[in-house]
Each structure stands twice: as structure tokens, then as C-alpha cells.
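Colleague: Dropping in coords_32.tsv, which is TSV, C-alpha atoms:
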chain	number	residue	atom	x	y	z
P	19	MET	CA	-21.99	-0.80	-12.32
P	20	SER	CA	-25.25	1.10	-12.55
P	21	THR	CA	-27.24	-2.13	-13.02
P	22	GLN	CA	-26.21	-3.54	-9.65
P	23	THR	CA	-28.73	-3.47	-6.82
P	24	ALA	CA	-28.16	-2.42	-3.21
P	25	ASN	CA	-27.93	-6.09	-2.26
P	26	ASP	CA	-25.18	-6.60	-4.85
P	27	TRP	CA	-23.13	-3.77	-3.34
P	28	GLY	CA	-23.75	-4.81	0.28
P	29	PRO	CA	-20.87	-7.31	0.66
P	30	PHE	CA	-18.42	-4.80	-0.82
P	31	PHE	CA	-19.43	-1.93	1.46
P	32	ARG	CA	-19.42	-4.22	4.50
P	33	GLY	CA	-15.86	-5.21	3.61
P	34	GLU	CA	-16.78	-8.88	3.20
P	35	ARG	CA	-15.66	-8.90	-0.44
P	36	LEU	CA	-13.13	-6.75	-2.26
P	37	TYR	CA	-14.55	-4.94	-5.26
P	38	GLY	CA	-12.51	-5.66	-8.40
P	39	ASP	CA	-10.75	-8.77	-7.15
P	40	ASP	CA	-12.65	-11.07	-9.53
P	41	PHE	CA	-12.81	-8.80	-12.59
P	42	SER	CA	-12.74	-10.10	-16.17
P	43	PRO	CA	-9.75	-9.30	-18.43
P	44	GLU	CA	-11.78	-6.51	-20.06
P	45	GLN	CA	-12.64	-4.97	-16.71
P	46	LEU	CA	-9.02	-5.25	-15.58
P	47	ALA	CA	-7.88	-3.43	-18.71
P	48	GLN	CA	-10.26	-0.53	-18.05
P	49	TRP	CA	-9.26	-0.32	-14.38
P	50	TYR	CA	-5.56	-0.30	-15.34
P	51	ALA	CA	-6.13	2.46	-17.87
P	52	ASP	CA	-7.95	4.56	-15.28
P	53	GLU	CA	-5.37	4.06	-12.50
P	54	ALA	CA	-2.02	3.91	-14.35
P	55	GLU	CA	-1.36	7.65	-14.09
P	56	GLY	CA	-3.72	8.30	-11.18
P	57	TYR	CA	-1.12	8.89	-8.47
P	58	ALA	CA	1.11	10.87	-10.81
P	59	ASP	CA	-1.80	13.06	-11.89
P	60	LEU	CA	-2.58	13.91	-8.27
P	61	GLY	CA	0.71	15.85	-8.20
P	62	ALA	CA	3.44	13.27	-7.69
P	63	LYS	CA	4.85	13.62	-11.21
P	64	ASP	CA	6.06	17.16	-10.44
P	65	GLN	CA	9.28	15.99	-8.78
P	66	GLY	CA	10.34	19.53	-7.94
P	67	ALA	CA	7.28	20.03	-5.75
P	68	TYR	CA	6.90	16.42	-4.61
P	69	THR	CA	7.63	15.38	-1.03
P	70	TYR	CA	7.57	11.80	0.18
P	71	SER	CA	5.44	11.96	3.31
P	72	TYR	CA	5.91	8.67	5.18
P	73	HIS	CA	9.55	8.37	6.31
P	74	ALA	CA	8.79	8.51	10.05
P	75	LEU	CA	5.89	6.07	9.65
P	76	ASN	CA	8.18	3.59	7.89
P	77	ALA	CA	10.87	4.11	10.52
P	78	ALA	CA	8.41	3.31	13.30
P	79	HIS	CA	6.53	0.36	11.82
P	80	GLY	CA	8.61	-1.15	9.00
P	81	TYR	CA	12.35	-0.57	9.19
P	82	PRO	CA	12.91	-2.06	12.69
P	83	SER	CA	12.13	-5.49	11.22
P	84	LEU	CA	14.95	-5.05	8.67
P	85	ARG	CA	17.74	-4.37	11.15
P	86	GLY	CA	20.83	-6.52	10.79
P	87	ARG	CA	19.93	-7.79	7.32
P	88	THR	CA	21.35	-7.10	3.88
P	89	PHE	CA	19.09	-7.63	0.88
P	90	GLU	CA	20.36	-8.79	-2.49
P	91	HIS	CA	17.36	-7.66	-4.52
P	92	ALA	CA	14.40	-5.52	-3.44
P	93	LEU	CA	11.11	-5.05	-5.29
P	94	GLY	CA	9.05	-1.90	-4.88
P	95	LEU	CA	5.44	-2.25	-5.97
P	96	GLY	CA	4.27	1.13	-7.31
P	97	SER	CA	7.18	2.85	-5.58
P	98	ALA	CA	7.28	5.95	-7.84
P	99	TYR	CA	10.75	7.48	-7.25
P	100	GLY	CA	11.68	4.75	-4.76
P	101	ASP	CA	11.73	7.09	-1.76
P	102	GLU	CA	10.92	4.40	0.78
P	103	PHE	CA	14.25	2.73	-0.03
P	104	LYS	CA	16.42	5.80	0.60
P	105	PRO	CA	16.74	5.42	4.40
P	106	ILE	CA	17.70	1.74	4.02
P	107	ALA	CA	19.66	1.97	0.76
P	108	ASP	CA	22.90	0.84	2.39
P	109	GLN	CA	21.22	-2.51	3.14
P	110	ILE	CA	20.17	-3.18	-0.47
P	111	ARG	CA	22.34	-4.18	-3.43
P	112	ARG	CA	19.77	-3.93	-6.25
P	113	ILE	CA	16.25	-2.49	-6.64
P	114	THR	CA	13.47	-3.18	-9.15
P	115	ILE	CA	10.40	-0.93	-9.20
P	116	LEU	CA	7.17	-2.23	-10.70
P	117	GLU	CA	5.48	0.96	-11.84
P	118	PRO	CA	2.73	1.61	-14.43
P	119	SER	CA	3.37	5.34	-14.79
P	120	ASP	CA	5.95	6.84	-17.12
P	121	ALA	CA	6.23	9.90	-14.87
P	122	PHE	CA	8.78	8.41	-12.48
P	123	SER	CA	12.43	7.53	-12.95
P	124	ALA	CA	15.51	6.83	-10.87
P	125	THR	CA	18.71	5.09	-11.93
P	126	GLN	CA	20.27	4.71	-8.51
P	127	ILE	CA	19.25	4.93	-4.86
P	128	GLY	CA	22.28	5.10	-2.63
P	129	GLN	CA	24.67	2.62	-4.21
P	130	ALA	CA	21.87	0.35	-5.45
P	131	PRO	CA	21.07	0.40	-9.19
P	132	VAL	CA	17.37	0.77	-10.01
P	133	GLU	CA	15.41	-0.83	-12.85
P	134	TYR	CA	11.80	0.02	-13.76
P	135	VAL	CA	9.42	-2.68	-15.04
P	136	LYS	CA	5.82	-2.30	-16.21
P	137	PRO	CA	3.14	-4.47	-14.54
P	138	GLU	CA	0.97	-6.82	-16.55
P	139	LEU	CA	-2.81	-6.44	-16.72
P	140	SER	CA	-3.33	-9.98	-15.47
P	141	GLY	CA	-1.53	-9.27	-12.21
P	142	HIS	CA	1.13	-11.86	-12.97
P	143	LEU	CA	4.63	-10.59	-12.25
P	144	PRO	CA	7.32	-10.86	-14.96
P	145	PHE	CA	9.92	-12.32	-12.59
P	146	ALA	CA	11.25	-15.79	-11.83
P	147	ASP	CA	10.36	-17.66	-8.68
P	148	GLU	CA	12.30	-16.64	-5.55
P	149	THR	CA	13.86	-13.49	-7.05
P	150	PHE	CA	13.47	-10.95	-4.22
P	151	ASP	CA	14.34	-11.02	-0.54
P	152	LEU	CA	12.62	-7.70	0.23
P	153	VAL	CA	9.32	-6.36	-1.14
P	154	THR	CA	7.57	-3.09	-0.36
P	155	SER	CA	4.00	-2.11	-1.16
P	156	LEU	CA	3.16	1.02	0.79
P	157	GLY	CA	-0.30	2.32	-0.04
P	158	VAL	CA	-0.42	0.67	-3.46
P	159	LEU	CA	-2.52	-2.51	-3.41
P	160	HIS	CA	-5.78	-0.59	-2.92
P	161	HIS	CA	-5.22	0.99	-6.36
P	162	ILE	CA	-5.13	-2.49	-7.93
P	163	ALA	CA	-8.22	-4.46	-8.95
P	164	ASN	CA	-7.10	-8.10	-8.57
P	165	VAL	CA	-5.32	-7.78	-5.22
P	166	SER	CA	-5.33	-11.48	-4.32
P	167	THR	CA	-3.68	-12.38	-7.63
P	168	VAL	CA	-0.95	-9.80	-7.14
P	169	MET	CA	-0.39	-10.89	-3.52
P	170	THR	CA	-0.09	-14.51	-4.62
P	171	GLU	CA	2.43	-13.49	-7.25
P	172	LEU	CA	4.44	-11.51	-4.71
P	173	PHE	CA	4.64	-14.63	-2.56
P	174	ARG	CA	5.87	-16.63	-5.57
P	175	VAL	CA	8.67	-14.22	-6.49
P	176	MET	CA	9.92	-13.83	-2.91
P	177	LYS	CA	12.76	-15.91	-1.52
P	178	PRO	CA	12.14	-18.02	1.59
P	179	GLN	CA	12.58	-15.86	4.69
P	180	GLY	CA	12.08	-12.77	2.52
P	181	LEU	CA	10.28	-9.82	4.10
P	182	PHE	CA	7.33	-7.83	2.75
P	183	LEU	CA	6.52	-4.36	4.10
P	184	MET	CA	2.88	-3.52	3.37
P	185	ARG	CA	0.71	-0.56	4.35
P	186	GLU	CA	-2.89	-0.35	3.20
P	187	PRO	CA	-6.05	1.60	4.06
P	188	THR	CA	-8.58	-0.60	5.86
P	189	HIS	CA	-11.65	1.58	5.30
P	190	SER	CA	-13.73	2.01	2.16
P	191	MET	CA	-12.37	5.52	1.41
P	192	GLY	CA	-15.92	6.63	0.65
P	193	ASP	CA	-18.19	5.58	-2.17
P	194	TRP	CA	-15.84	4.63	-5.02
P	195	ARG	CA	-18.75	4.62	-7.45
P	196	GLN	CA	-18.61	8.43	-7.37
P	197	PRO	CA	-15.74	10.90	-7.94
P	198	ARG	CA	-13.93	11.73	-4.67
P	199	PRO	CA	-11.69	14.80	-4.35
P	200	GLY	CA	-8.03	13.92	-3.86
P	201	LEU	CA	-8.49	10.25	-4.71
P	202	THR	CA	-8.04	8.29	-7.91
P	203	LYS	CA	-11.05	6.81	-9.67
P	204	HIS	CA	-11.09	3.29	-8.24
P	205	GLU	CA	-9.00	3.16	-5.08
P	206	ARG	CA	-10.71	1.55	-2.11
P	207	GLY	CA	-9.41	0.13	1.13
P	208	ILE	CA	-9.18	-3.52	2.14
P	209	HIS	CA	-11.06	-4.40	5.31
P	210	LEU	CA	-8.63	-5.67	7.94
P	211	PRO	CA	-10.27	-9.09	8.54
P	212	LEU	CA	-10.27	-9.66	4.78
P	213	MET	CA	-6.60	-8.62	4.55
P	214	ARG	CA	-5.58	-10.94	7.37
P	215	LYS	CA	-7.47	-13.83	5.76
P	216	MET	CA	-5.87	-13.14	2.39
P	217	VAL	CA	-2.27	-13.00	3.58
P	218	ARG	CA	-2.60	-16.15	5.68
P	219	GLU	CA	-4.32	-18.17	2.95
P	220	ILE	CA	-1.58	-17.18	0.50
P	221	GLY	CA	1.03	-18.45	2.97
P	222	PHE	CA	2.60	-15.35	4.54
P	223	GLU	CA	3.46	-15.15	8.22
P	224	ILE	CA	2.51	-11.90	9.96
P	225	VAL	CA	5.67	-10.74	11.73
P	226	ARG	CA	4.22	-7.40	12.84
P	227	GLU	CA	0.85	-5.72	12.54
P	228	LYS	CA	0.26	-2.12	13.59
P	229	ARG	CA	-2.85	0.00	13.09
P	230	CYS	CA	-2.04	3.54	12.00
P	231	MET	CA	-3.18	6.74	10.31
P	232	PHE	CA	-5.80	8.02	12.74
P	233	PRO	CA	-7.96	10.66	10.98
P	234	LEU	CA	-6.80	13.57	13.17
P	235	THR	CA	-3.07	12.93	12.71
P	236	SER	CA	-2.73	14.67	9.35
P	237	ARG	CA	-3.93	17.90	10.99
P	238	LEU	CA	-0.70	18.03	12.99
P	239	ARG	CA	1.20	19.22	9.93
P	240	LYS	CA	1.04	22.88	11.01
P	241	LEU	CA	2.18	22.01	14.53
P	242	VAL	CA	5.20	19.90	13.49
P	243	GLY	CA	6.09	21.97	10.41
P	244	ARG	CA	6.19	19.04	7.99
P	245	PRO	CA	3.94	16.24	6.72
P	246	ALA	CA	2.68	14.53	9.86
P	247	TYR	CA	3.98	11.08	8.93
P	248	ASN	CA	7.47	12.52	8.48
P	249	SER	CA	7.43	13.57	12.14
P	250	PRO	CA	8.42	11.02	14.84
P	251	PHE	CA	6.32	12.96	17.37
P	252	ALA	CA	3.20	12.86	15.18
P	253	VAL	CA	3.73	9.20	14.35
P	254	GLY	CA	4.07	8.38	18.04
P	255	LEU	CA	0.82	10.17	18.82
P	256	ASP	CA	-0.82	8.50	15.85
P	257	SER	CA	0.27	5.11	17.14
P	258	LEU	CA	-1.26	5.83	20.54
P	259	LEU	CA	-4.59	7.04	19.15
P	260	SER	CA	-4.74	4.16	16.68
P	261	SER	CA	-4.21	1.66	19.49
P	262	ILE	CA	-6.88	3.24	21.70
P	263	PHE	CA	-9.49	3.21	18.92
P	264	SER	CA	-8.42	-0.04	17.25
P	265	PHE	CA	-11.61	-1.75	18.49
P	266	ASN	CA	-13.56	0.41	16.02
P	267	GLN	CA	-13.24	-1.48	12.75
P	268	ALA	CA	-16.06	0.07	10.71
P	269	TYR	CA	-15.26	-0.34	7.02
P	270	HIS	CA	-17.75	1.99	5.32
P	271	ALA	CA	-18.46	4.59	8.01
P	272	SER	CA	-22.03	5.86	8.22
P	273	SER	CA	-21.63	8.06	11.29
P	274	GLY	CA	-19.09	10.43	12.82
P	275	TRP	CA	-18.36	7.94	15.60
P	276	GLN	CA	-17.49	5.21	13.11
P	277	LYS	CA	-14.90	7.54	11.56
P	278	LEU	CA	-12.94	7.68	14.82
P	279	ARG	CA	-10.73	4.70	14.04
P	280	PRO	CA	-7.33	4.00	12.52
P	281	THR	CA	-7.75	4.01	8.78
P	282	SER	CA	-4.76	1.85	7.81
P	283	VAL	CA	-2.68	-1.14	8.80
P	284	TYR	CA	1.08	-1.54	8.51
P	285	MET	CA	2.15	-5.17	8.23
P	286	VAL	CA	5.53	-6.84	8.05
P	287	LEU	CA	5.06	-10.22	6.38
P	288	ARG	CA	7.50	-13.06	5.90
P	289	LYS	CA	7.58	-15.92	3.45
P	290	PRO	CA	8.38	-19.11	5.43
Could the structure of this file be written out as C-alpha cells, please?

Modeller:
Amino acid sequence: MSTQTANDWGPFFRGERLYGDDFSPEQLAQWYADEAEGYADLGAKDQGAYTYSYHALNAAHGYPSLRGRTFEHALGLGSAYGDEFKPIADQIRRITILEPSDAFSATQIGQAPVEYVKPELSGHLPFADETFDLVTSLGVLHHIANVSTVMTELFRVMKPQGLFLMREPTHSMGDWRQPRPGLTKHERGIHLPLMRKMVREIGFEIVREKRCMFPLTSRLRKLVGRPAYNSPFAVGLDSLLSSIFSFNQAYHASSGWQKLRPTSVYMVLRKP
């Protein structure tokens, strides 16, 4: 890393290329080792103190696309305890969670049995073609090095007409070459134009796309008395602000003005 020049880093910090997506097997192994327990070590492994903070966000931007459907087999990418499935558990018959950390466990969500599977370093998924009719990846892909490989694999293991709920940061999340408080070692966002290009080239259809997570929204926690993205009011305000400032697509912000933009995208994708 230290031998790279400013010109080498330019395409990554402009969001034109995704750092880590073309890593060698050795680099992938180091990344995996660094990130495997990253989310758990930030506090999520203490289940007694852990709160899932995105139920209202999912209810606004993801779950409406699932209405009227029953899913035979759902896959949660990096889903920890599987909290995102709890509000829709009565629509799902079976759940598999692909999770690198040993800190999380669940045997059942609603009436759906849960199985945990470890990911492979290569990004290839240990499942047969057309296994899942619902996939979730909510704030997970940006922790992974070879995102395009994993996305291609998700497409492979999905059934035709299967749905994929995906939320990802679309900004750089700061300079990932340096330690950042509250973040894992390597996580970095995926610039929205690059994300759109990736999902379309892989073959997904974009059913719904919504910008979200405006920087000021999280400060509403004291006002609403809970994590902001668990509050329908805060999520509604966030949606409004994100829409107003959606023209501002700076990836690696270098000024205060550039930081006034939605920092994430919520997509509902479908495999044709």
C-alpha cells in the first residue's frame, strides 16, 4: 500500500474503481482475516447490549417489495443474528446465513429454521445454482474485498424472479488507508455509478432504488428516543433530505458542502 503513488490511488478515491475488487488470493486472505470479526468486535457480539438499528429503514425501502410473496429459502449475507428477517419471518420457510464470525448464532427466526455457513476466501458461494428466492445484504458488501465476484455468485445462486435487498454506503467512508474510529479496518463505500454499472452488467434488474442515510439523520436519536433508523418519523425525514440532496454524489468528500449528501443507497434487485 505504502508504495502506491497519488496517481495510483486517484481512481479509487474518485470512485471510478473499487479498492480490493481485483486482489490476489494472498491479499484476499489478509483482508478476510482483518474483517472476519470486525463487526462483532465493534460491539455486536454482546447480544445483551446489541440493538438492531434498521427496522424502520427496511420497512420503508425493502419490505414493500416483498408483499404478497412467500419465500422457500432466504440467504442473509453477513446477517449476524438475522434480525432483518424477523419482521418478515412469516413469509420465509428456511434461512441460511453466510457469516464469517463465530460470535453470532440463531437456530430459528419465527418458524423458519436457521443454518450458518462460513464464506470462502475466493468469494465463491458454497451453494448450488438457483437455491434462494430471497437474498439480503444490508451494509455488508463494503466489508468485502472482491465485491463483483460475490455479487456474481449471488446472481448464480438465486432463483429466477428471486429478490435481493441490498443497502450499501456510496461514499468513501474516509481514508481507509488509516485507522478510522468506529469503522473496521478495510470497509469502504461503493460509488453509486459504479454500483449501478456492476449490478446491471451482472444481470440484475433494479426494481427500486432509494438514496438514504443523510448525515444529520443519526442525530435524531435523542429526539425520537431510539436509533434513528428504527423510527418511521426519522426515516421519513431522512428520505426527504436524501431526495433533496441526491444531486450531490461526491464520493470522497473534500469539503463540508460535499458531505451534505445521502451516504447510502437501498436497492431492491431482481434476477430475471

Colleague: Could you build a table of the residues in region 128-233 of chain P lying no more than 7 Å from region 258-275 of chain P, giving for each the nearest pair of atoms and their separation in Å rounded to one decimal place, using all atoms listed in the file, ordered by chain and ascending residue number, as a Markdown table?

Modeller:
| residue | atom | partner | partner_atom | distance |
| --- | --- | --- | --- | --- |
| P:Thr188 | CA | P:Tyr269 | CA | 6.8 |
| P:His189 | CA | P:Tyr269 | CA | 4.4 |
| P:Ser190 | CA | P:His270 | CA | 5.1 |
| P:Gly192 | CA | P:His270 | CA | 6.8 |
| P:His209 | CA | P:Tyr269 | CA | 6.1 |
| P:Arg229 | CA | P:Ser260 | CA | 5.8 |
| P:Cys230 | CA | P:Ser260 | CA | 5.4 |
| P:Phe232 | CA | P:Ser260 | CA | 5.6 |

Colleague: For CA of Phe89 (chain P) and CA of Leu152 (chain P), quote the distance in Å rounded to one decimal.

Modeller: 6.5 Å

Colleague: Between P:Ile208, P:Met176, P:Ala54, P:Leu75, which is the closest to Pro137 (chain P) once you count only C-alpha atoms?

Modeller: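 That would be P:Ala54, the residue with the smallest distance to Pro137 (chain P).
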
Colleague: For region 125-127 of chain P, work out the shell of residues within 8 Å, counting all atoms listed in the file and skipping chain neighbours fewer than 4 positions away, then give it as number ranges by chain.

Modeller: P: 100, 103-104, 107, 131-133

Colleague: Using only C-alpha atoms, pick whichever of P:Leu93, P:Val225, P:Met213, P:Val286 has the shortest atom-to-atom distance to Leu172 (chain P).

Modeller: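 That would be P:Leu93, the residue with the smallest distance to Leu172 (chain P).
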
Colleague: Restricting the calculation to all atoms listed in the file: of P:Ala47, P:Leu234, P:Val283, P:Leu255, which residue gets closest to Leu139 (chain P)?

Modeller: P:Ala47

Colleague: Is there a way to get, as an MDAnalysis selection string, all residues within 10 Å of the point (17.6, -5.9, -6.0) in file coordinates, counting all atoms listed in the file?

Modeller: chainID P and resid 89:94 110:115 130:133 149:153

Colleague: Interatomic distance between CA of Pro178 (chain P) and CA of Ala146 (chain P)?

Modeller: 13.6 Å

Colleague: Just want the 10 Å neighbourhood of Ser140 (chain P), counted on all atoms listed in the file, with same-chain residues fewer than 3 positions away dropped. Output as a list in words.

Modeller: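 Everything that qualifies: Phe41, Ser42, Pro43, Leu46, Ala47, Tyr50, Pro137, Leu143, Ala163, Asn164, Thr167 and Val168 of chain P.
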